[in-house]
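Student: I'm passing along data-v1.tsv; it holds TSV, C-alpha atoms.
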```
chain	number	residue	atom	x	y	z
A	1	MET	CA	72.67	127.06	171.47
A	2	TYR	CA	72.90	125.85	167.87
A	3	LYS	CA	69.27	124.91	167.25
A	4	ASP	CA	68.76	127.88	164.94
A	5	PHE	CA	71.33	126.45	162.54
A	6	ALA	CA	69.76	122.99	162.70
A	7	ASN	CA	66.31	124.46	162.03
A	8	PHE	CA	67.64	126.43	159.08
A	9	ILE	CA	69.24	123.31	157.57
A	10	ARG	CA	66.05	121.31	158.11
A	11	SER	CA	63.93	124.00	156.44
A	12	ASN	CA	66.23	124.25	153.41
A	13	ARG	CA	67.20	120.59	153.36
A	14	GLU	CA	66.38	119.71	149.74
A	15	ASP	CA	67.96	122.82	148.19
A	16	LEU	CA	71.12	122.36	150.25
A	17	LEU	CA	71.25	118.67	149.34
A	18	VAL	CA	71.04	119.36	145.59
A	19	GLU	CA	73.79	122.01	145.74
A	20	TRP	CA	75.96	119.87	147.98
A	21	MET	CA	75.75	116.80	145.74
A	22	LYS	CA	76.73	118.92	142.72
A	23	GLU	CA	79.81	120.14	144.56
A	24	MET	CA	80.70	116.64	145.78
A	25	GLU	CA	80.47	115.21	142.25
A	26	GLN	CA	83.21	117.62	141.22
A	27	GLN	CA	85.32	116.61	144.23
A	28	ALA	CA	84.95	112.84	143.71
A	29	ASP	CA	87.79	111.05	141.92
A	30	SER	CA	87.44	107.93	139.76
A	31	ARG	CA	87.84	105.62	142.77
A	32	ILE	CA	84.72	107.04	144.41
A	33	SER	CA	82.75	106.87	141.15
A	34	ASP	CA	83.73	103.23	140.66
A	35	ILE	CA	82.61	102.03	144.09
A	36	VAL	CA	79.59	104.23	144.82
A	37	THR	CA	76.49	104.29	142.64
A	38	GLU	CA	74.48	107.49	142.18
A	39	ILE	CA	71.55	106.10	144.18
A	40	MET	CA	73.83	104.98	146.99
A	41	CYS	CA	75.56	108.37	147.04
A	42	GLU	CA	72.21	110.19	147.26
A	43	GLU	CA	71.01	107.91	150.05
A	44	THR	CA	74.21	108.40	152.02
A	45	SER	CA	74.05	112.16	151.47
A	46	HIS	CA	70.55	112.24	152.99
A	47	GLU	CA	71.87	110.34	156.01
A	48	PHE	CA	74.78	112.76	156.27
A	49	ILE	CA	72.51	115.80	156.49
A	50	ASP	CA	70.22	114.04	158.98
A	51	LEU	CA	73.31	113.29	161.05
A	52	ILE	CA	74.35	116.95	161.06
A	53	ILE	CA	70.88	118.00	162.22
A	54	SER	CA	70.69	115.30	164.88
A	55	ASN	CA	73.94	116.59	166.39
A	56	VAL	CA	71.86	119.46	167.76
A	57	THR	CA	68.33	118.11	168.03
A	58	GLU	CA	68.89	114.71	169.66
A	59	ALA	CA	70.46	113.42	172.86
A	60	GLY	CA	74.16	112.60	172.91
A	61	ILE	CA	73.70	108.83	173.06
A	62	THR	CA	71.30	108.77	170.10
A	63	PHE	CA	73.58	110.99	168.04
A	64	ASN	CA	76.65	108.89	168.85
A	65	GLU	CA	74.83	105.74	167.73
A	66	LYS	CA	73.89	107.38	164.44
A	67	LEU	CA	77.42	108.68	164.03
A	68	ASP	CA	78.94	105.23	164.57
A	69	ASP	CA	76.51	103.68	162.07
A	70	PHE	CA	77.29	106.34	159.49
A	71	ALA	CA	81.06	106.01	159.99
A	72	GLU	CA	80.84	102.22	159.60
A	73	LYS	CA	78.84	102.63	156.41
A	74	VAL	CA	81.23	105.05	154.69
A	75	VAL	CA	84.24	102.97	155.71
A	76	LEU	CA	82.65	99.84	154.23
A	77	LEU	CA	81.78	101.82	151.10
A	78	GLY	CA	85.46	102.68	150.78
A	79	TRP	CA	85.12	106.44	151.08
A	80	PRO	CA	88.54	107.95	151.93
A	81	VAL	CA	88.66	110.25	154.94
A	82	HIS	CA	89.56	113.29	152.82
A	83	PHE	CA	86.33	112.83	150.85
A	84	VAL	CA	84.31	112.73	154.07
A	85	THR	CA	86.01	115.77	155.60
A	86	SER	CA	85.87	117.81	152.41
A	87	GLY	CA	82.16	116.95	152.24
A	88	LEU	CA	81.58	118.47	155.66
A	89	ARG	CA	83.66	121.54	154.78
A	90	ILE	CA	81.76	122.11	151.52
A	91	PHE	CA	78.42	121.60	153.25
A	92	GLY	CA	79.38	124.14	155.90
A	93	LEU	CA	80.24	126.75	153.26
A	94	LEU	CA	76.95	126.17	151.43
A	95	VAL	CA	74.98	126.51	154.65
A	96	TYR	CA	76.80	129.69	155.63
A	97	LYS	CA	76.22	131.29	152.21
A	98	ALA	CA	72.56	130.32	152.30
A	99	ILE	CA	72.19	131.77	155.78
A	100	ARG	CA	73.69	135.08	154.69
A	101	ASN	CA	71.47	135.24	151.60
A	102	GLU	CA	68.42	134.58	153.75
A	103	ALA	CA	69.37	137.51	156.00
A	104	PHE	CA	69.48	135.05	158.84
A	105	PHE	CA	72.04	137.21	160.57
A	106	VAL	CA	71.14	140.63	161.87
A	107	LYS	CA	73.18	142.62	159.40
A	108	LYS	CA	72.47	145.95	161.01
A	109	GLU	CA	74.85	145.12	163.78
A	110	GLU	CA	78.23	143.79	162.74
A	111	GLU	CA	78.87	142.54	166.23
A	112	ALA	CA	75.79	140.32	166.12
A	113	GLU	CA	76.81	138.91	162.74
A	114	ASN	CA	80.31	138.13	163.99
A	115	ASP	CA	78.86	136.42	167.03
A	116	ALA	CA	76.59	134.27	164.85
A	117	TYR	CA	79.49	133.43	162.53
A	118	TYR	CA	81.60	132.44	165.54
A	119	ARG	CA	78.80	130.18	166.81
A	120	PHE	CA	78.44	128.62	163.37
A	121	GLU	CA	82.19	127.95	163.09
A	122	SER	CA	82.28	126.44	166.59
A	123	TRP	CA	79.38	124.15	165.77
A	124	LEU	CA	80.92	123.07	162.45
A	125	SER	CA	84.35	122.47	164.03
A	126	SER	CA	82.80	120.32	166.76
A	127	MET	CA	80.93	118.29	164.14
A	128	TYR	CA	84.09	117.94	162.06
A	129	ASN	CA	86.07	116.56	165.01
A	130	LYS	CA	83.34	114.08	165.92
A	131	ILE	CA	83.06	112.72	162.38
A	132	VAL	CA	86.83	112.39	161.89
A	133	THR	CA	87.21	110.63	165.26
A	134	ALA	CA	84.36	108.22	164.53
A	135	TYR	CA	85.74	107.51	161.04
A	136	ALA	CA	89.23	106.82	162.41
A	137	ASP	CA	87.93	104.53	165.17
A	138	THR	CA	85.75	102.57	162.74
A	139	TRP	CA	88.61	102.28	160.24
A	140	GLU	CA	90.96	100.91	162.91
A	141	LYS	CA	88.37	98.36	164.04
A	142	THR	CA	87.71	97.28	160.45
A	143	VAL	CA	91.41	96.89	159.68
A	144	SER	CA	91.96	94.89	162.89
A	145	ILE	CA	89.10	92.52	162.05
A	146	GLN	CA	90.38	92.08	158.49
A	147	LYS	CA	93.91	91.47	159.74
A	148	LEU	CA	92.72	88.73	162.09
A	149	ALA	CA	90.70	87.14	159.30
A	150	LEU	CA	93.68	87.20	156.95
A	151	GLN	CA	95.92	85.71	159.61
A	152	GLU	CA	93.51	82.83	160.12
A	153	LEU	CA	93.21	82.26	156.37
A	154	SER	CA	96.97	82.44	155.89
A	155	ALA	CA	97.53	79.33	158.01
A	156	PRO	CA	94.36	77.23	158.21
A	157	LEU	CA	94.35	73.75	159.74
A	158	LEU	CA	91.88	71.53	157.91
A	159	PRO	CA	90.64	68.20	159.33
A	160	ILE	CA	90.57	65.79	156.35
A	161	PHE	CA	89.90	62.42	158.00
A	162	ASP	CA	89.41	61.37	161.59
A	163	HIS	CA	92.67	62.18	163.42
A	164	ILE	CA	94.33	63.51	160.22
A	165	SER	CA	94.68	67.23	159.46
A	166	VAL	CA	96.38	69.27	156.76
A	167	MET	CA	97.83	72.78	156.88
A	168	PRO	CA	98.36	74.11	153.33
A	169	LEU	CA	100.85	76.99	153.26
A	170	ILE	CA	100.93	79.46	150.37
A	171	GLY	CA	103.27	82.43	149.88
A	172	THR	CA	106.23	83.69	151.85
A	173	ILE	CA	106.63	82.97	155.55
A	174	ASP	CA	107.88	85.76	157.79
A	175	THR	CA	108.28	85.81	161.58
A	176	GLU	CA	104.74	87.04	162.25
A	177	ARG	CA	103.17	84.44	159.99
A	178	ALA	CA	105.38	81.72	161.48
A	179	ARG	CA	103.99	82.60	164.90
A	180	GLN	CA	100.45	82.33	163.53
A	181	ILE	CA	101.29	78.94	161.96
A	182	MET	CA	102.56	77.68	165.30
A	183	GLU	CA	99.44	78.85	167.17
A	184	ASN	CA	97.01	77.47	164.60
A	185	LEU	CA	98.83	74.14	164.48
A	186	LEU	CA	98.82	73.61	168.23
A	187	MET	CA	95.25	74.81	168.76
A	188	GLY	CA	93.95	72.87	165.75
A	189	VAL	CA	95.71	69.64	166.62
A	190	VAL	CA	94.21	69.68	170.11
A	191	LYS	CA	90.77	70.78	168.89
A	192	HIS	CA	90.50	68.12	166.17
A	193	ARG	CA	92.36	65.45	168.19
A	194	SER	CA	94.74	64.94	165.30
A	195	GLU	CA	97.21	62.09	165.43
A	196	VAL	CA	98.93	63.11	162.18
A	197	VAL	CA	99.24	66.61	160.70
A	198	LEU	CA	100.53	67.28	157.19
A	199	ILE	CA	102.29	70.61	156.65
A	200	ASP	CA	102.01	71.20	152.92
A	201	ILE	CA	104.65	73.62	151.57
A	202	THR	CA	103.82	73.10	147.89
A	203	GLY	CA	102.81	76.77	147.62
A	204	VAL	CA	105.82	78.19	149.50
A	205	PRO	CA	108.14	79.67	146.84
A	206	VAL	CA	111.33	79.86	148.93
A	207	VAL	CA	112.52	77.79	151.87
A	208	ASP	CA	115.56	79.41	153.48
A	209	THR	CA	117.19	78.89	156.87
A	210	MET	CA	114.59	80.99	158.70
A	211	VAL	CA	111.60	79.25	157.08
A	212	ALA	CA	113.06	75.81	157.71
A	213	HIS	CA	113.80	76.75	161.32
A	214	HIS	CA	110.21	77.86	161.86
A	215	ILE	CA	108.86	74.66	160.29
A	216	ILE	CA	111.08	72.51	162.51
A	217	GLN	CA	109.97	74.46	165.59
A	218	ALA	CA	106.32	74.01	164.66
A	219	SER	CA	106.86	70.30	164.05
A	220	GLU	CA	108.57	69.83	167.40
A	221	ALA	CA	105.75	71.67	169.16
A	222	VAL	CA	103.19	69.43	167.45
A	223	ARG	CA	105.14	66.35	168.51
A	224	LEU	CA	105.05	67.52	172.15
A	225	VAL	CA	101.22	67.45	172.13
A	226	GLY	CA	101.21	63.86	170.84
A	227	CYS	CA	100.80	64.37	167.10
A	228	GLN	CA	103.05	63.10	164.27
A	229	PRO	CA	104.11	65.97	161.95
A	230	MET	CA	104.70	65.38	158.24
A	231	LEU	CA	106.26	67.79	155.74
A	232	VAL	CA	104.81	67.34	152.26
A	233	GLY	CA	105.19	69.07	148.93
A	234	ILE	CA	109.01	69.15	148.93
A	235	ARG	CA	110.09	70.05	145.41
A	236	PRO	CA	113.57	69.11	144.12
A	237	GLU	CA	114.88	72.67	144.43
A	238	ILE	CA	113.64	72.91	148.01
A	239	ALA	CA	115.21	69.54	148.86
A	240	GLN	CA	118.52	70.78	147.44
A	241	THR	CA	118.28	74.01	149.42
A	242	ILE	CA	117.60	72.13	152.65
A	243	VAL	CA	120.60	69.85	152.06
A	244	ASN	CA	122.89	72.78	151.18
A	245	LEU	CA	121.81	74.60	154.33
A	246	GLY	CA	122.65	71.53	156.41
A	247	ILE	CA	119.19	71.41	157.96
A	248	GLU	CA	118.31	68.11	159.63
A	249	LEU	CA	114.79	66.82	159.05
A	250	ASP	CA	115.42	63.29	160.23
A	251	LYS	CA	112.67	63.48	162.88
A	252	ILE	CA	110.05	64.63	160.39
A	253	ILE	CA	108.40	62.39	157.79
A	254	THR	CA	108.74	64.01	154.36
A	255	THR	CA	107.12	63.34	150.99
A	256	ASN	CA	107.20	65.18	147.67
A	257	THR	CA	103.40	65.25	147.17
A	258	LEU	CA	100.32	65.66	149.31
A	259	LYS	CA	98.90	62.42	147.87
A	260	LYS	CA	101.85	60.37	149.11
A	261	GLY	CA	101.69	62.14	152.44
A	262	MET	CA	98.02	61.30	152.80
A	263	GLU	CA	98.68	57.62	152.05
A	264	ARG	CA	101.42	57.63	154.68
A	265	ALA	CA	99.16	59.34	157.20
A	266	LEU	CA	96.43	56.76	156.65
A	267	ALA	CA	98.96	53.99	157.18
A	268	LEU	CA	100.09	55.58	160.45
A	269	THR	CA	96.48	55.52	161.64
A	270	ASN	CA	96.00	51.89	160.50
A	271	ARG	CA	93.91	52.76	157.43
A	272	GLU	CA	94.32	52.67	153.70
A	273	ILE	CA	92.52	53.69	150.53
A	274	VAL	CA	90.94	50.69	148.82
A	275	GLU	CA	89.41	50.74	145.33
A	276	LYS	CA	85.88	49.44	145.35
A	277	GLU	CA	85.18	46.70	142.81
A	278	GLY	CA	82.30	47.00	140.39
```
Would you mind writing the structure in this file as structure tokens?

Tutor:
Amino acid sequence: MYKDFANFIRSNREDLLVEWMKEMEQQADSRISDIVTEIMCEETSHEFIDLIISNVTEAGITFNEKLDDFAEKVVLLGWPVHFVTSGLRIFGLLVYKAIRNEAFFVKKEEEAENDAYYRFESWLSSMYNKIVTAYADTWEKTVSIQKLALQELSAPLLPIFDHISVMPLIGTIDTERARQIMENLLMGVVKHRSEVVLIDITGVPVVDTMVAHHIIQASEAVRLVGCQPMLVGIRPEIAQTIVNLGIELDKIITTNTLKKGMERALALTNREIVEKEG
């Protein structure tokens, strides 16, 4: 039904591409210019036009694969959705003007021209919806993957020696992150067969009642799976806050530095650091 449009675009591909890129340069803001080189923009523009043509000329599965690949590429390039959608809108206007100038429509009969215009608008609207949907789906997947990666990095459990692991915490701790800390601690302790785990709060700026409560819960959970928890990196102001809050840490070994905590952990596992002579 729409193959005549696809054939027209294919025949006038280079001219349309040049005009379209000129228009898109005017639409692009500084963010786009900073992240996309001219060569990359031209390459992506070629792919975009090929994608539009393939919407008509190729089978649905093949087109959907190309669409997903294109959407993933522009998301990774950092193109905002309004830039993508405005690109399709501008391209559609250029194609329609070129079609009219080429007398592609049968201008003798207004009814025929209106019918062709209606078909063109229907085709463009369908393409628009497919691209926006693919972009949104790819964006959601990308954000989800990045969120999971950040969660893992925000509370890593690092095996330092046999049976000794360290979890360095940096930044504020909210309820969601506290849950991630608990999960990573328990899974990591079992995975690495840790006998001692050091929870390093040197990089945690504030320890209030909620943070302390979460740390105690995590420590108790670790103890239940047969591992000795240690809280290291307690600065004077944090120690004072804990005392003022009336929080009991009598079941948790505490030290003010990671170095002292490591020495204590080695002692608990019947080891020590010895300076080698000579």

Student: Taking 5 positions as the minimum chain separation for residues in the same chain, which residues sit within 9 Å of Leu76 of chain A when counting all atoms listed in the file? Answer as a list in words.

Tutor: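 Once the nearby chain positions are removed, what remains is Ala71, Trp139 and Thr142 of chain A.
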
Student: Next, write the just-selected residues to a file, as a CSV table (one decimal), in the coordinates of the input, keeping C-alpha atoms as the atom set.

Tutor:
```csv
chain,number,residue,atom,x,y,z
A,71,ALA,CA,81.1,106.0,160.0
A,139,TRP,CA,88.6,102.3,160.2
A,142,THR,CA,87.7,97.3,160.4
```

Student: Can you tell me how far atom CA of Lys141 of chain A sits from atom CA of Trp123 of chain A, in Å to one decimal?

Tutor: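 Answer for the atom CA of Lys141 of chain A to atom CA of Trp123 of chain A separation: 27.4 Å.
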
Student: In Å to one decimal, how far is atom CA of Glu140 of chain A from atom CA of Thr44 of chain A?

Tutor: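 Going from atom CA of Thr44 of chain A over to atom CA of Glu140 of chain A covers 21.3 Å.
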
Student: Mind running segment 183-213 of chain A against segment 249-258 of chain A at 12 Å and telling me each contacting residue's nearest atom pair with the distance in Å (one decimal), counting all atoms listed in the file, chain and number ascending, as a tab-separated table?

Tutor:
```
residue	atom	partner	partner_atom	distance
A:Val196	CA	A:Ile253	CA	10.5
A:Val197	CA	A:Ile253	CA	10.5
A:Leu198	CA	A:Leu258	CA	8.0
A:Ile199	CA	A:Leu258	CA	9.1
A:Asp200	CA	A:Leu258	CA	6.8
A:Ile201	CA	A:Leu258	CA	9.3
A:Thr202	CA	A:Thr257	CA	7.9
A:Gly203	CA	A:Leu258	CA	11.5
A:Ala212	CA	A:Leu249	CA	9.3
A:His213	CA	A:Leu249	CA	10.2
```

Student: Pick out the residues sitting within 12 Å of Asn55 of chain A, and hand them over as an MDAnalysis selection string; count all atoms listed in the file, and ignore anything fewer than 5 positions along from it in its own chain.

Tutor: chainID A and resid 1:3 5:7 48:50 60:67 123:124 126:128 130:131

Student: Could you check the closest approach to Glu237 of chain A for each of A:Met167, A:Ala221, A:Ile273, A:Val206 and tell me which residue wins, using only C-alpha atoms?

Tutor: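 Result for the nearest residue to Glu237 of chain A: A:Val206.
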
Student: May I ask which of the residues A:Leu245, A:Met262, A:Met182, A:Val81 is the closest one to Phe161 of chain A, counting all atoms listed in the file?

Tutor: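 Of A:Leu245, A:Met262, A:Met182, A:Val81, the one nearest Phe161 of chain A is A:Met262, counting all atoms listed in the file.
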
Student: How many Å separate atom CA of Asn129 of chain A from atom CA of Arg13 of chain A?

Tutor: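 Taking atom CA of Asn129 of chain A as the start and atom CA of Arg13 of chain A as the end point, the length is 22.5 Å.
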
Student: For Met210 of chain A, which residue among A:Asp162, A:Glu72, A:Asp174, A:Glu195 is the nearest when counting all atoms listed in the file?

Tutor: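 Checking each candidate against Met210 of chain A, we get A:Asp174 as the closest.
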
Student: Please determine, counting all atoms listed in the file, which residue among A:Lys259, A:His82, A:Arg10, A:Arg89 has the shortest atom-to-atom distance to Leu51 of chain A.

Tutor: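 Among the listed residues, A:Arg10 lies closest to Leu51 of chain A.
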
Student: Please identify all polymer residues within 9 Å of Val84 of chain A, counting all atoms listed in the file, omitting same-chain residues fewer than 3 positions from it, and present them as a PyMOL selection string.

Tutor: chain A and resi 74+79-81+87-89+131-132+135

Student: So, with all atoms listed in the file as the atoms that count, which of A:Gly233, A:Ser194, A:Val75, A:Ile247 lies closest to Ile170 of chain A?

Tutor: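 Result for the nearest residue to Ile170 of chain A: A:Gly233.
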
Student: Rank A:Ala134, A:Ile99, A:Ile234, A:Leu185 by their smallest atom-to-atom distance to Gln217 of chain A, using only C-alpha atoms, and report the top residue only.

Tutor: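 Of A:Ala134, A:Ile99, A:Ile234, A:Leu185, the one nearest Gln217 of chain A is A:Leu185, counting only C-alpha atoms.
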
Student: Give me the residues near segment 16-21 of chain A as a count of residues only, where near means some atom within 10 Å (using all atoms listed in the file) and where sequence neighbours in that chain fewer than 3 positions away do not count.

Tutor: 24
